[in-house]
$ cat start.cif   # mmCIF, C-alpha atoms
data_my_file
loop_
_atom_site.group_PDB
_atom_site.id
_atom_site.type_symbol
_atom_site.label_atom_id
_atom_site.label_comp_id
_atom_site.auth_asym_id
_atom_site.auth_seq_id
_atom_site.Cartn_x
_atom_site.Cartn_y
_atom_site.Cartn_z
ATOM 1 C CA MET A 1 90.848 76.233 49.624
ATOM 2 C CA THR A 2 91.844 78.061 52.784
ATOM 3 C CA ALA A 3 89.522 80.971 53.432
ATOM 4 C CA GLN A 4 90.789 84.493 54.036
ATOM 5 C CA ILE A 5 89.817 85.847 57.436
ATOM 6 C CA LEU A 6 87.403 88.769 57.587
ATOM 7 C CA ASP A 7 89.158 90.388 60.544
ATOM 8 C CA GLY A 8 86.708 92.528 62.488
ATOM 9 C CA LYS A 9 89.210 93.355 65.215
ATOM 10 C CA ALA A 10 91.640 94.940 62.746
ATOM 11 C CA ALA A 11 88.823 96.823 61.018
ATOM 12 C CA LEU A 12 87.631 98.170 64.375
ATOM 13 C CA VAL A 13 91.098 99.584 65.058
ATOM 14 C CA SER A 14 91.106 101.348 61.671
ATOM 15 C CA ILE A 15 87.605 102.746 62.118
ATOM 16 C CA LYS A 16 88.465 104.066 65.578
ATOM 17 C CA GLU A 17 91.415 105.934 64.088
ATOM 18 C CA GLU A 18 89.197 107.443 61.389
ATOM 19 C CA LEU A 19 86.565 108.463 63.923
ATOM 20 C CA ARG A 20 89.146 109.983 66.239
ATOM 21 C CA GLY A 21 89.799 112.651 63.626
ATOM 22 C CA ARG A 22 86.083 113.367 63.195
ATOM 23 C CA VAL A 23 85.621 113.658 66.972
ATOM 24 C CA ALA A 24 88.517 116.133 67.149
ATOM 25 C CA ALA A 25 86.917 118.197 64.372
ATOM 26 C CA LEU A 26 83.616 118.252 66.250
ATOM 27 C CA LYS A 27 85.303 119.393 69.450
ATOM 28 C CA GLU A 28 86.919 122.271 67.556
ATOM 29 C CA ARG A 29 83.389 123.366 66.692
ATOM 30 C CA GLY A 30 82.242 123.124 70.304
ATOM 31 C CA VAL A 31 80.531 119.723 70.211
ATOM 32 C CA THR A 32 81.706 116.657 72.158
ATOM 33 C CA PRO A 33 79.897 113.444 71.171
ATOM 34 C CA GLY A 34 78.428 111.591 74.140
ATOM 35 C CA LEU A 35 77.202 107.987 74.311
ATOM 36 C CA GLY A 36 74.597 107.100 76.894
ATOM 37 C CA THR A 37 73.834 103.538 77.988
ATOM 38 C CA VAL A 38 71.080 102.158 80.195
ATOM 39 C CA LEU A 39 71.766 98.779 81.797
ATOM 40 C CA VAL A 40 69.069 96.975 83.788
ATOM 41 C CA GLY A 41 70.233 94.222 86.129
ATOM 42 C CA ASP A 42 73.602 92.544 86.428
ATOM 43 C CA ASP A 43 73.776 90.051 83.552
ATOM 44 C CA PRO A 44 77.515 89.364 83.031
ATOM 45 C CA GLY A 45 77.255 89.382 79.233
ATOM 46 C CA SER A 46 75.334 92.657 79.110
ATOM 47 C CA ARG A 47 77.707 94.261 81.608
ATOM 48 C CA TRP A 48 80.686 93.218 79.462
ATOM 49 C CA TYR A 49 79.123 94.630 76.297
ATOM 50 C CA VAL A 50 78.322 97.951 77.946
ATOM 51 C CA GLY A 51 81.819 98.174 79.416
ATOM 52 C CA ALA A 52 83.390 97.467 76.013
ATOM 53 C CA LYS A 53 81.313 100.221 74.398
ATOM 54 C CA HIS A 54 82.446 102.795 76.939
ATOM 55 C CA LYS A 55 86.057 101.657 76.634
ATOM 56 C CA ASP A 56 85.827 102.215 72.865
ATOM 57 C CA CYS A 57 84.400 105.686 73.470
ATOM 58 C CA ALA A 58 87.211 106.664 75.825
ATOM 59 C CA GLU A 59 89.792 105.678 73.204
ATOM 60 C CA ILE A 60 88.479 108.120 70.601
ATOM 61 C CA GLY A 61 87.293 111.009 72.780
ATOM 62 C CA ILE A 62 83.562 110.295 73.118
ATOM 63 C CA THR A 63 82.053 111.128 76.519
ATOM 64 C CA SER A 64 80.409 108.274 78.443
ATOM 65 C CA ILE A 65 77.058 108.699 80.186
ATOM 66 C CA ARG A 66 76.241 105.472 82.002
ATOM 67 C CA ARG A 67 73.037 104.653 83.861
ATOM 68 C CA ASP A 68 73.021 101.269 85.630
ATOM 69 C CA LEU A 69 69.687 100.253 87.180
ATOM 70 C CA PRO A 70 68.856 97.340 89.514
ATOM 71 C CA ALA A 71 67.124 94.227 88.187
ATOM 72 C CA THR A 72 64.028 95.211 90.203
ATOM 73 C CA SER A 73 63.523 98.362 88.089
ATOM 74 C CA SER A 74 60.057 98.861 86.620
ATOM 75 C CA LEU A 75 59.236 99.880 83.068
ATOM 76 C CA GLU A 76 58.474 103.370 84.315
ATOM 77 C CA ASP A 77 61.892 103.534 86.018
ATOM 78 C CA VAL A 78 63.594 102.766 82.692
ATOM 79 C CA LEU A 79 61.378 105.140 80.727
ATOM 80 C CA GLY A 80 62.267 107.875 83.200
ATOM 81 C CA VAL A 81 65.965 107.436 82.396
ATOM 82 C CA VAL A 82 65.164 107.353 78.673
ATOM 83 C CA ARG A 83 63.381 110.704 78.999
ATOM 84 C CA GLU A 84 66.359 112.098 80.892
ATOM 85 C CA LEU A 85 68.796 111.089 78.143
ATOM 86 C CA ASN A 86 66.458 112.365 75.415
ATOM 87 C CA GLU A 87 66.624 115.803 77.030
ATOM 88 C CA ASP A 88 70.344 115.784 77.921
ATOM 89 C CA PRO A 89 72.295 117.892 75.372
ATOM 90 C CA ALA A 90 75.535 116.171 76.405
ATOM 91 C CA CYS A 91 74.091 112.855 75.188
ATOM 92 C CA THR A 92 74.205 112.823 71.388
ATOM 93 C CA GLY A 93 73.101 109.186 71.206
ATOM 94 C CA PHE A 94 72.189 106.343 73.546
ATOM 95 C CA LEU A 95 70.889 102.807 73.834
ATOM 96 C CA VAL A 96 69.117 100.606 76.330
ATOM 97 C CA GLN A 97 71.068 97.352 76.574
ATOM 98 C CA GLN A 98 68.864 94.346 75.899
ATOM 99 C CA PRO A 99 67.526 92.204 77.405
ATOM 100 C CA THR A 100 65.874 94.192 80.178
ATOM 101 C CA GLY A 101 63.093 91.731 81.000
ATOM 102 C CA LEU A 102 60.621 94.542 80.317
ATOM 103 C CA ASP A 103 58.606 95.708 77.306
ATOM 104 C CA GLU A 104 61.461 96.207 74.819
ATOM 105 C CA ASN A 105 59.238 97.804 72.158
ATOM 106 C CA ALA A 106 57.874 100.357 74.599
ATOM 107 C CA ILE A 107 61.404 101.265 75.685
ATOM 108 C CA LEU A 108 62.778 101.464 72.154
ATOM 109 C CA SER A 109 59.839 103.568 70.951
ATOM 110 C CA ALA A 110 60.451 106.074 73.757
ATOM 111 C CA VAL A 111 63.983 106.841 72.537
ATOM 112 C CA ASP A 112 64.376 110.039 70.509
ATOM 113 C CA PRO A 113 64.869 108.682 66.933
ATOM 114 C CA ALA A 114 67.667 111.219 66.381
ATOM 115 C CA LYS A 115 69.547 109.717 69.343
ATOM 116 C CA ASP A 116 68.878 106.077 68.419
ATOM 117 C CA VAL A 117 72.414 104.754 67.968
ATOM 118 C CA ASP A 118 71.161 101.158 67.628
ATOM 119 C CA GLY A 119 69.244 102.180 64.492
ATOM 120 C CA LEU A 120 66.248 100.069 65.564
ATOM 121 C CA HIS A 121 63.651 102.703 66.444
ATOM 122 C CA PRO A 122 60.414 102.084 64.479
ATOM 123 C CA THR A 123 60.788 105.493 62.829
ATOM 124 C CA ASN A 124 64.332 104.777 61.674
ATOM 125 C CA LEU A 125 63.428 101.315 60.396
ATOM 126 C CA GLY A 126 60.580 102.979 58.516
ATOM 127 C CA TRP A 127 62.995 105.436 56.895
ATOM 128 C CA LEU A 128 65.147 102.464 55.896
ATOM 129 C CA VAL A 129 62.164 100.871 54.144
ATOM 130 C CA LEU A 130 61.500 104.169 52.360
ATOM 131 C CA GLY A 131 65.153 104.571 51.380
ATOM 132 C CA GLU A 132 65.657 107.803 53.308
ATOM 133 C CA PRO A 133 68.693 108.734 55.460
ATOM 134 C CA ALA A 134 68.449 107.710 59.127
ATOM 135 C CA PRO A 135 70.579 105.922 61.755
ATOM 136 C CA LEU A 136 71.157 102.363 60.521
ATOM 137 C CA PRO A 137 71.277 99.139 62.587
ATOM 138 C CA CYS A 138 74.802 98.429 63.807
ATOM 139 C CA THR A 139 75.212 94.705 63.136
ATOM 140 C CA PRO A 140 73.878 94.772 59.541
ATOM 141 C CA MET A 141 76.076 97.759 58.729
ATOM 142 C CA GLY A 142 78.978 96.009 60.457
ATOM 143 C CA CYS A 143 78.524 93.054 58.080
ATOM 144 C CA ILE A 144 78.570 95.318 55.038
ATOM 145 C CA GLU A 145 81.526 97.377 56.223
ATOM 146 C CA LEU A 146 83.497 94.201 56.964
ATOM 147 C CA LEU A 147 82.921 93.010 53.389
ATOM 148 C CA ARG A 148 83.852 96.391 51.941
ATOM 149 C CA ARG A 149 87.096 96.641 53.874
ATOM 150 C CA HIS A 150 88.178 93.236 52.577
ATOM 151 C CA ASP A 151 87.225 94.058 48.976
ATOM 152 C CA VAL A 152 84.507 91.409 48.794
ATOM 153 C CA PRO A 153 82.305 92.317 45.781
ATOM 154 C CA ILE A 154 78.759 93.208 46.872
ATOM 155 C CA ALA A 155 77.236 94.858 43.789
ATOM 156 C CA GLY A 156 75.426 92.211 41.759
ATOM 157 C CA ALA A 157 76.212 89.468 44.276
ATOM 158 C CA ARG A 158 73.618 86.899 45.357
ATOM 159 C CA VAL A 159 73.344 87.007 49.156
ATOM 160 C CA ALA A 160 71.700 84.375 51.343
ATOM 161 C CA ILE A 161 70.756 85.622 54.796
ATOM 162 C CA VAL A 162 69.860 82.859 57.241
ATOM 163 C CA GLY A 163 67.718 84.335 60.002
ATOM 164 C CA ARG A 164 64.889 86.883 59.852
ATOM 165 C CA GLY A 165 65.364 88.644 63.198
ATOM 166 C CA ILE A 166 64.762 92.362 63.485
ATOM 167 C CA THR A 167 68.317 93.147 64.644
ATOM 168 C CA VAL A 168 70.122 91.480 61.713
ATOM 169 C CA GLY A 169 68.262 89.548 59.036
ATOM 170 C CA ARG A 170 65.390 91.820 58.070
ATOM 171 C CA PRO A 171 67.234 95.165 58.035
ATOM 172 C CA LEU A 172 70.320 93.638 56.398
ATOM 173 C CA GLY A 173 68.199 92.484 53.466
ATOM 174 C CA LEU A 174 66.817 96.006 53.038
ATOM 175 C CA ILE A 175 70.262 97.614 53.197
ATOM 176 C CA LEU A 176 71.809 95.183 50.712
ATOM 177 C CA THR A 177 69.125 95.881 48.126
ATOM 178 C CA ARG A 178 69.693 99.647 48.147
ATOM 179 C CA ARG A 179 71.269 101.128 45.022
ATOM 180 C CA SER A 180 74.481 101.747 46.976
ATOM 181 C CA GLU A 181 74.916 97.966 47.493
ATOM 182 C CA ASN A 182 72.876 96.496 44.614
ATOM 183 C CA ALA A 183 72.911 92.906 45.868
ATOM 184 C CA THR A 184 70.243 90.300 45.176
ATOM 185 C CA VAL A 185 69.003 88.895 48.480
ATOM 186 C CA VAL A 186 67.207 85.726 49.555
ATOM 187 C CA LEU A 187 66.077 85.809 53.194
ATOM 188 C CA CYS A 188 65.987 82.273 54.608
ATOM 189 C CA HIS A 189 64.365 81.085 57.830
ATOM 190 C CA THR A 190 62.866 78.069 59.574
ATOM 191 C CA GLY A 191 60.179 77.819 56.909
ATOM 192 C CA THR A 192 62.634 77.678 54.002
ATOM 193 C CA ARG A 193 61.898 74.465 52.099
ATOM 194 C CA ASP A 194 65.453 73.578 51.054
ATOM 195 C CA LEU A 195 67.891 75.711 53.009
ATOM 196 C CA ALA A 196 70.996 74.003 51.615
ATOM 197 C CA ALA A 197 69.911 74.626 48.014
ATOM 198 C CA GLU A 198 69.263 78.318 48.664
ATOM 199 C CA VAL A 199 72.546 78.878 50.488
ATOM 200 C CA ARG A 200 74.586 76.910 47.938
ATOM 201 C CA GLN A 201 73.768 79.452 45.209
ATOM 202 C CA ALA A 202 75.004 82.431 47.206
ATOM 203 C CA ASP A 203 78.172 84.458 46.649
ATOM 204 C CA ILE A 204 77.781 85.844 50.189
ATOM 205 C CA VAL A 205 76.226 83.992 53.131
ATOM 206 C CA VAL A 206 75.254 85.698 56.379
ATOM 207 C CA ALA A 207 74.441 83.161 59.096
ATOM 208 C CA ALA A 208 72.315 84.807 61.778
ATOM 209 C CA ALA A 209 70.003 82.016 62.903
ATOM 210 C CA GLY A 210 71.428 81.402 66.366
ATOM 211 C CA VAL A 211 71.642 77.665 65.659
ATOM 212 C CA PRO A 212 75.116 76.176 66.282
ATOM 213 C CA GLY A 213 76.665 74.685 63.147
ATOM 214 C CA ILE A 214 73.587 75.166 60.971
ATOM 215 C CA ILE A 215 75.783 76.160 58.001
ATOM 216 C CA THR A 216 78.024 73.296 56.886
ATOM 217 C CA LYS A 217 80.717 72.817 54.268
ATOM 218 C CA ASP A 218 78.445 71.115 51.740
ATOM 219 C CA MET A 219 76.112 74.173 51.733
ATOM 220 C CA ILE A 220 78.782 76.652 50.602
ATOM 221 C CA LYS A 221 79.712 77.527 47.038
ATOM 222 C CA ALA A 222 83.484 77.448 46.481
ATOM 223 C CA GLY A 223 84.965 80.891 47.023
ATOM 224 C CA ALA A 224 81.905 82.399 48.727
ATOM 225 C CA ALA A 225 82.188 84.930 51.549
ATOM 226 C CA VAL A 226 80.606 83.630 54.756
ATOM 227 C CA LEU A 227 79.816 85.768 57.803
ATOM 228 C CA ASP A 228 79.032 84.146 61.145
ATOM 229 C CA VAL A 229 76.657 86.347 63.160
ATOM 230 C CA GLY A 230 75.098 83.578 65.249
ATOM 231 C CA VAL A 231 75.448 83.574 69.026
ATOM 232 C CA SER A 232 74.418 80.519 71.034
ATOM 233 C CA ARG A 233 75.554 78.984 74.293
ATOM 234 C CA ILE A 234 76.522 75.332 74.304
ATOM 235 C CA VAL A 235 78.103 72.992 76.832
ATOM 236 C CA ALA A 236 81.644 72.005 75.853
ATOM 237 C CA GLU A 237 83.208 68.585 76.458
ATOM 238 C CA ASP A 238 84.720 69.841 79.714
ATOM 239 C CA GLY A 239 81.239 70.728 80.961
ATOM 240 C CA ARG A 240 81.727 74.478 80.667
ATOM 241 C CA SER A 241 79.369 76.799 78.841
ATOM 242 C CA LYS A 242 80.779 78.548 75.783
ATOM 243 C CA VAL A 243 79.588 80.712 72.896
ATOM 244 C CA ALA A 244 79.092 79.005 69.543
ATOM 245 C CA GLY A 245 78.453 80.491 66.113
ATOM 246 C CA ASP A 246 76.316 79.272 63.230
ATOM 247 C CA LEU A 247 79.180 77.935 61.080
ATOM 248 C CA ALA A 248 80.618 74.435 61.162
ATOM 249 C CA ALA A 249 84.413 74.475 61.355
ATOM 250 C CA ASP A 250 84.883 72.910 57.919
ATOM 251 C CA VAL A 251 83.188 75.830 56.105
ATOM 252 C CA ALA A 252 86.604 77.483 55.895
ATOM 253 C CA ASP A 253 87.799 74.618 53.649
ATOM 254 C CA VAL A 254 85.639 75.793 50.743
ATOM 255 C CA ALA A 255 84.828 79.450 51.398
ATOM 256 C CA GLY A 256 86.878 82.303 49.964
ATOM 257 C CA TRP A 257 86.367 84.511 53.038
ATOM 258 C CA VAL A 258 85.129 83.660 56.541
ATOM 259 C CA SER A 259 84.476 85.890 59.534
ATOM 260 C CA PRO A 260 85.627 84.309 62.803
ATOM 261 C CA ASN A 261 83.298 84.153 65.774
ATOM 262 C CA PRO A 262 84.319 85.839 68.003
ATOM 263 C CA GLY A 263 86.483 88.448 66.292
ATOM 264 C CA GLY A 264 84.510 89.037 63.101
ATOM 265 C CA VAL A 265 81.151 90.794 63.069
ATOM 266 C CA GLY A 266 81.116 91.497 66.841
ATOM 267 C CA PRO A 267 83.865 94.155 66.739
ATOM 268 C CA MET A 268 82.210 95.649 63.647
ATOM 269 C CA THR A 269 78.956 96.102 65.559
ATOM 270 C CA ARG A 270 80.907 98.150 68.102
ATOM 271 C CA ALA A 271 82.536 100.115 65.279
ATOM 272 C CA MET A 272 79.174 100.991 63.733
ATOM 273 C CA LEU A 273 77.805 102.035 67.120
ATOM 274 C CA LEU A 274 80.690 104.510 67.468
ATOM 275 C CA THR A 275 80.023 105.702 63.920
ATOM 276 C CA ASN A 276 76.353 106.310 64.728
ATOM 277 C CA VAL A 277 77.292 108.347 67.821
ATOM 278 C CA VAL A 278 79.658 110.542 65.816
ATOM 279 C CA GLU A 279 77.187 110.963 62.962
ATOM 280 C CA ALA A 280 74.477 111.990 65.434
ATOM 281 C CA ALA A 281 76.785 114.707 66.750
ATOM 282 C CA GLU A 282 77.565 115.839 63.209
ATOM 283 C CA ARG A 283 73.850 116.026 62.382
ATOM 284 C CA SER A 284 73.250 118.154 65.473
ATOM 285 C CA LEU A 285 75.572 120.789 64.013
ATOM 286 C CA ALA A 286 73.848 120.681 60.624
#
$ encode --input "start.cif" --output "structure tokens"
Amino acid sequence: MTAQILDGKAALVSIKEELRGRVAALKERGVTPGLGTVLVGDDPGSRWYVGAKHKDCAEIGITSIRRDLPATSSLEDVLGVVRELNEDPACTGFLVQQPTGLDENAILSAVDPAKDVDGLHPTNLGWLVLGEPAPLPCTPMGCIELLRRHDVPIAGARVAIVGRGITVGRPLGLILTRRSENATVVLCHTGTRDLAAEVRQADIVVAAAGVPGIITKDMIKAGAAVLDVGVSRIVAEDGRSKVAGDLAADVADVAGWVSPNPGGVGPMTRAMLLTNVVEAAERSLA
């Protein structure tokens, strides 16, 4: 079997077009969505991610508010910028790019929950647990939207999530078990007794462990949908460092759908960030 590609790049293009219309409608009502970012230091990866987010915004009419701070910045320096963006009416949503090397929980907790476009504020995660509307985490929602846009059945499906991190695994399990998704979820981790047996039963597999090649061909049920969310750095044969996902290459031989890495869930995370910014602006009018 040759797996169909879950194309996040193509889905991002479609979502941008949809959001462009919503942004235009907001501007007609006197509101221009604005994304704020706070970047601490000069990590090349973080700088690329922040730049990509602002490029996306420019393409659909969202204003960019960028605050780049030196690596020597203190926690109080960052919190000062957070307070500034909380109070700025032009900023409808913002994020502090991680890692900062500082107290991430203190920074995240200082963000106005209504402007939390990462969907990871403790208040918003609490609303998720309670099943109430709130900004949702971008990568988990990107996984779900990618499946939806490729007509992968979610309702009633058995889903194996590999990885229990707060940015993907834990919130994704909560979202998938809502009535709107109705999946049955098993959340696997380093303490799972027989990982292969758990994954082999799944109709949908989300690999978010950050362990290169942890999911192999023999662990996948024929025809399953497999999403690669893992990001690790490995040294290639030529001695250069490169990004590796959690899937072994031969998974595509048995799976029905596979998300590439890069090009799968990554673009969908950006798409959901844009969606959260626009929805924050829409809520401000309500």
$ residues_around --input "start.cif" --residues "Cys188 in chain A" --least-positions-apart "4" --cutoff "8 Å" --atoms "all atoms listed in the file" --output "PyMOL selection string"
chain A and resi 160-164+192+195+198
$ resolve_selection --input "start.cif" --expression "the PyMOL selection byres ((chain A and resi 78) around 9)" --output "number ranges by chain"
A: 38, 40, 69, 73-77, 79-83, 96, 107
$ atom_distance --input "start.cif" --atom1 "CA of Asp228 in chain A" --atom2 "CA of Ala207 in chain A"
5.1 Å
$ residues_around --input "start.cif" --residues "Arg178 in chain A" --least-positions-apart "2" --cutoff "12 Å" --atoms "only C-alpha atoms" --output "MDAnalysis selection string"
chainID A and resid 128:133 154:156 171:176 180:185
$ resolve_selection --input "start.cif" --expression "the PyMOL selection byres ((chain A and resi 5) around 8)" --output "ChimeraX atom specification"
/A:3-4,6-7,257-260
$ write_last_selection --input "start.cif" --atoms "C-alpha atoms" --output "PDB file, in the frame of the given file"
ATOM      1  CA  ALA A   3      89.522  80.971  53.432  1.00  0.00           C
ATOM      2  CA  GLN A   4      90.789  84.493  54.036  1.00  0.00           C
ATOM      3  CA  LEU A   6      87.403  88.769  57.587  1.00  0.00           C
ATOM      4  CA  ASP A   7      89.158  90.388  60.544  1.00  0.00           C
ATOM      5  CA  TRP A 257      86.367  84.511  53.038  1.00  0.00           C
ATOM      6  CA  VAL A 258      85.129  83.660  56.541  1.00  0.00           C
ATOM      7  CA  SER A 259      84.476  85.890  59.534  1.00  0.00           C
ATOM      8  CA  PRO A 260      85.627  84.309  62.803  1.00  0.00           C
TER       9      PRO A 260
END
$ atom_distance --input "start.cif" --atom1 "CA of Ile60 in chain A" --atom2 "CA of Val206 in chain A"
29.7 Å
$ closest_residue --input "start.cif" --among "A:Ala236, A:Leu146, A:Ala209, A:Ile214" --to "Lys9 in chain A" --atoms "only C-alpha atoms"
A:Leu146
$ atom_distance --input "start.cif" --atom1 "CA of Gly169 in chain A" --atom2 "CA of Arg47 in chain A"
24.9 Å
$ resolve_selection --input "start.cif" --expression "the PyMOL selection byres ((chain A and resi 100) around 9)" --output "PyMOL selection string"
chain A and resi 39-41+71+96-99+101-104
$ write_last_selection --input "start.cif" --atoms "C-alpha atoms" --output "short mmCIF file (atom, residue, chain, number, x, y, z; two decimals), in the coordinates of the input"
data_model
loop_
_atom_site.label_atom_id
_atom_site.label_comp_id
_atom_site.auth_asym_id
_atom_site.auth_seq_id
_atom_site.Cartn_x
_atom_site.Cartn_y
_atom_site.Cartn_z
CA LEU A 39 71.77 98.78 81.80
CA VAL A 40 69.07 96.98 83.79
CA GLY A 41 70.23 94.22 86.13
CA ALA A 71 67.12 94.23 88.19
CA VAL A 96 69.12 100.61 76.33
CA GLN A 97 71.07 97.35 76.57
CA GLN A 98 68.86 94.35 75.90
CA PRO A 99 67.53 92.20 77.40
CA GLY A 101 63.09 91.73 81.00
CA LEU A 102 60.62 94.54 80.32
CA ASP A 103 58.61 95.71 77.31
CA GLU A 104 61.46 96.21 74.82
#
$ closest_residue --input "start.cif" --among "A:Glu59, A:Ala202, A:Asn276, A:Ile144" --to "Asp118 in chain A" --atoms "only C-alpha atoms"
A:Asn276
$ closest_residue --input "start.cif" --among "A:Lys27, A:Pro113, A:Glu145, A:Glu18" --to "Gly264 in chain A" --atoms "all atoms listed in the file"
A:Glu145
$ closest_residue --input "start.cif" --among "A:Ala280, A:Ala252, A:Ile62, A:Ile234" --to "Gly119 in chain A" --atoms "all atoms listed in the file"
A:Ala280
$ closest_residue --input "start.cif" --among "A:Val31, A:Ile166, A:Leu12, A:Val50" --to "Gly142 in chain A" --atoms "only C-alpha atoms"
A:Leu12
$ axis_aligned_box --input "start.cif" --around "range 207-226 of chain A" --padding-each-side "6 Å" --output "JSON"
{"center_x": 77.5, "center_y": 78.0, "center_z": 56.4, "size_x": 27.0, "size_y": 25.8, "size_z": 31.9}
$ closest_residue --input "start.cif" --among "A:Val117, A:Val278, A:Ala249, A:Ala197" --to "Gly21 in chain A" --atoms "all atoms listed in the file"
A:Val278
